Structures are given as C-alpha cells and as structure tokens.
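A.B. asks: Attaching a single structure in structure tokens format; questions to follow.
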Amino acid sequence: MSANMEGPVSGDSASVVERERRFEFMYQAHYQSIYNYAVRRVISAQEAVDVVSDVFTTAWRRVDDVPLPPEERLWLYGVARRVLSQHRRSSMRRGRLLDRMKAG
C-alpha cells in the first residue's frame, strides 16, 4: 500500500470516530426530548419509540449534514415532524386498505 493511500484511510478512521462520538452525544442529549415530542403526537408509546428510532436512524445516516449545537436539536425536531407525517400517511393507507378488504 502506498503512503498516499494510507493517509486518507487514517483520516477516514479519525473521521468515523468523530462522527460516532458526535452521534452518541446527540443521541444522549436529545433522545428524551424527541421521545417526548413523539409520544404527545402518536397513539402508543411503541409508536413513539418507532418514530424516535427513525429520527435517529436519519441522524446517523446524515450526521455530516446535522448542524452544530444548539441548532442540531431543531434539526432533529424537523426530522421528527417529517417522520410523524410519514407514519400518519402510512396509517391512513393501512386504514383505507383494511376498509377495502372488509368491503370486498
């Protein structure tokens, strides 16, 4: 392996560690707030857990796009709002499907 190839790999490893630390901090700092936000807007606690899971999955995938504190919290709320909207649309589709199945 050439020296040119080793440099970026080392940098990438440090970058991965930094991203993991940033995500862990964000998760620990904001999990409860995002959960509270979700649980007030869904029917069950399990649905709130699913919403929060989706929010932090998005945050992990897009950790480089998440703004720095304190704006990261607002970013997470925006993601939660969109995830909740997707969950509502999915529930409505399931309800319409069940209605069609009952009628048919």
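Going through the structure tokens in order, the chains are called A, B, and so on, while each chain numbers its residues from 1 and the ligands are numbered from 1 in the order shown.
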Might you pull out every residue within 12 Å of Glu20 of chain A, with only C-alpha atoms counted and same-chain residues fewer than 2 positions away left off, and present them as a list in words?
C.D. replies: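 Returned residues: Ser13, Ala14, Ser15, Val16, Val17, Glu18, Arg22, Phe23, Glu24, Phe25, Met26, Tyr27, Ala59, Trp60, Arg61, Arg62, Val63 and Asp64 of chain A.
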A.B. asks: Contacts of segment 85-101 of chain A at 9 Å or less, counting only C-alpha atoms, minus same-chain residues fewer than 2 places along, as a PDB file with N, CA, C and O atoms, in the first residue's frame?
C.D. replies:
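Result file part06.pdb:
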```
ATOM      1  N   VAL A  42     -48.587  10.614  18.967  1.00  0.00           N
ATOM      2  CA  VAL A  42     -48.954   9.290  18.451  1.00  0.00           C
ATOM      3  C   VAL A  42     -49.866   8.587  19.442  1.00  0.00           C
ATOM      4  O   VAL A  42     -50.065   9.061  20.568  1.00  0.00           O
ATOM      5  N   GLU A  47     -45.286   3.235  19.232  1.00  0.00           N
ATOM      6  CA  GLU A  47     -45.214   4.028  18.009  1.00  0.00           C
ATOM      7  C   GLU A  47     -44.231   5.188  18.190  1.00  0.00           C
ATOM      8  O   GLU A  47     -43.470   5.521  17.278  1.00  0.00           O
ATOM      9  N   VAL A  51     -40.903   6.068  16.003  1.00  0.00           N
ATOM     10  CA  VAL A  51     -40.633   7.387  15.435  1.00  0.00           C
ATOM     11  C   VAL A  51     -39.229   7.840  15.820  1.00  0.00           C
ATOM     12  O   VAL A  51     -38.443   8.281  14.974  1.00  0.00           O
ATOM     13  N   ALA A  80     -38.208  14.740  13.090  1.00  0.00           N
ATOM     14  CA  ALA A  80     -39.312  14.083  13.800  1.00  0.00           C
ATOM     15  C   ALA A  80     -40.654  14.475  13.193  1.00  0.00           C
ATOM     16  O   ALA A  80     -41.537  13.629  13.020  1.00  0.00           O
ATOM     17  N   ARG A  81     -40.815  15.731  12.851  1.00  0.00           N
ATOM     18  CA  ARG A  81     -42.068  16.188  12.242  1.00  0.00           C
ATOM     19  C   ARG A  81     -42.318  15.453  10.924  1.00  0.00           C
ATOM     20  O   ARG A  81     -43.428  14.980  10.658  1.00  0.00           O
ATOM     21  N   ARG A  82     -41.283  15.322  10.107  1.00  0.00           N
ATOM     22  CA  ARG A  82     -41.435  14.622   8.833  1.00  0.00           C
ATOM     23  C   ARG A  82     -41.688  13.125   9.035  1.00  0.00           C
ATOM     24  O   ARG A  82     -42.509  12.526   8.332  1.00  0.00           O
ATOM     25  N   VAL A  83     -41.005  12.519   9.996  1.00  0.00           N
ATOM     26  CA  VAL A  83     -41.215  11.098  10.285  1.00  0.00           C
ATOM     27  C   VAL A  83     -42.653  10.875  10.769  1.00  0.00           C
ATOM     28  O   VAL A  83     -43.320   9.933  10.333  1.00  0.00           O
ATOM     29  N   ALA A 103     -64.817  -4.441   2.767  1.00  0.00           N
ATOM     30  CA  ALA A 103     -65.920  -4.213   1.851  1.00  0.00           C
ATOM     31  C   ALA A 103     -65.917  -5.217   0.693  1.00  0.00           C
ATOM     32  O   ALA A 103     -66.957  -5.525   0.133  1.00  0.00           O
ATOM     33  N   GLY A 104     -64.746  -5.722   0.368  1.00  0.00           N
ATOM     34  CA  GLY A 104     -64.616  -6.584  -0.818  1.00  0.00           C
ATOM     35  C   GLY A 104     -64.746  -7.997  -0.498  1.00  0.00           C
ATOM     36  O   GLY A 104     -65.201  -8.905  -0.985  1.00  0.00           O
TER      37      GLY A 104
END
```
A.B. asks: Do you have the atom CA of Ser33 of chain A-atom CA of Thr57 of chain A distance handy?
C.D. replies: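 These two atoms are separated by 16.0 Å.
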A.B. asks: For the atom pair atom CA of Ser53 of chain A and atom CA of Ala38 of chain A, what is the interatomic distance in Å to one decimal place?
C.D. replies: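 So the answer is 10.7 Å.
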A.B. asks: How many Å lie between atom CA of Gly78 of chain A and atom CA of Ile43 of chain A, rounded to one decimal?
C.D. replies: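 Answer for the atom CA of Gly78 of chain A to atom CA of Ile43 of chain A separation: 19.9 Å.
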A.B. asks: Which one is closest to Tyr77 of chain A: A:Val49, A:Ser44, A:Tyr31, A:Asp65? Count only C-alpha atoms.
C.D. replies: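 Of A:Val49, A:Ser44, A:Tyr31, A:Asp65, the one nearest Tyr77 of chain A is A:Tyr31, counting only C-alpha atoms.
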A.B. asks: I need the residue nearest Arg19 of chain A from this list: A:Asn36, A:Lys102, A:Val66, A:Leu84. Use only C-alpha atoms for the distance.
C.D. replies: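 Of A:Asn36, A:Lys102, A:Val66, A:Leu84, the one nearest Arg19 of chain A is A:Val66, counting only C-alpha atoms.
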A.B. asks: Give the helix (DSSP H, G or I) residues of chain A, as DSSP finds them on the backbone, and put them as a VMD selection string.
C.D. replies: chain A and resid 3 to 39 45 to 61 71 to 103
A.B. asks: Measuring between only C-alpha atoms, which one of A:Arg21, A:Arg40, A:His30, A:Asp12 shows the shortest distance to Pro70 of chain A?
C.D. replies: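 So, comparing all the options, the nearest one is A:His30.
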A.B. asks: Using only C-alpha atoms, can you tell me which of A:Val79, A:Glu72, A:Tyr35, A:Pro67 comes closest to Val55 of chain A?
C.D. replies: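 Looking only at the distances to Val55 of chain A, the closest residue turns out to be A:Val79.
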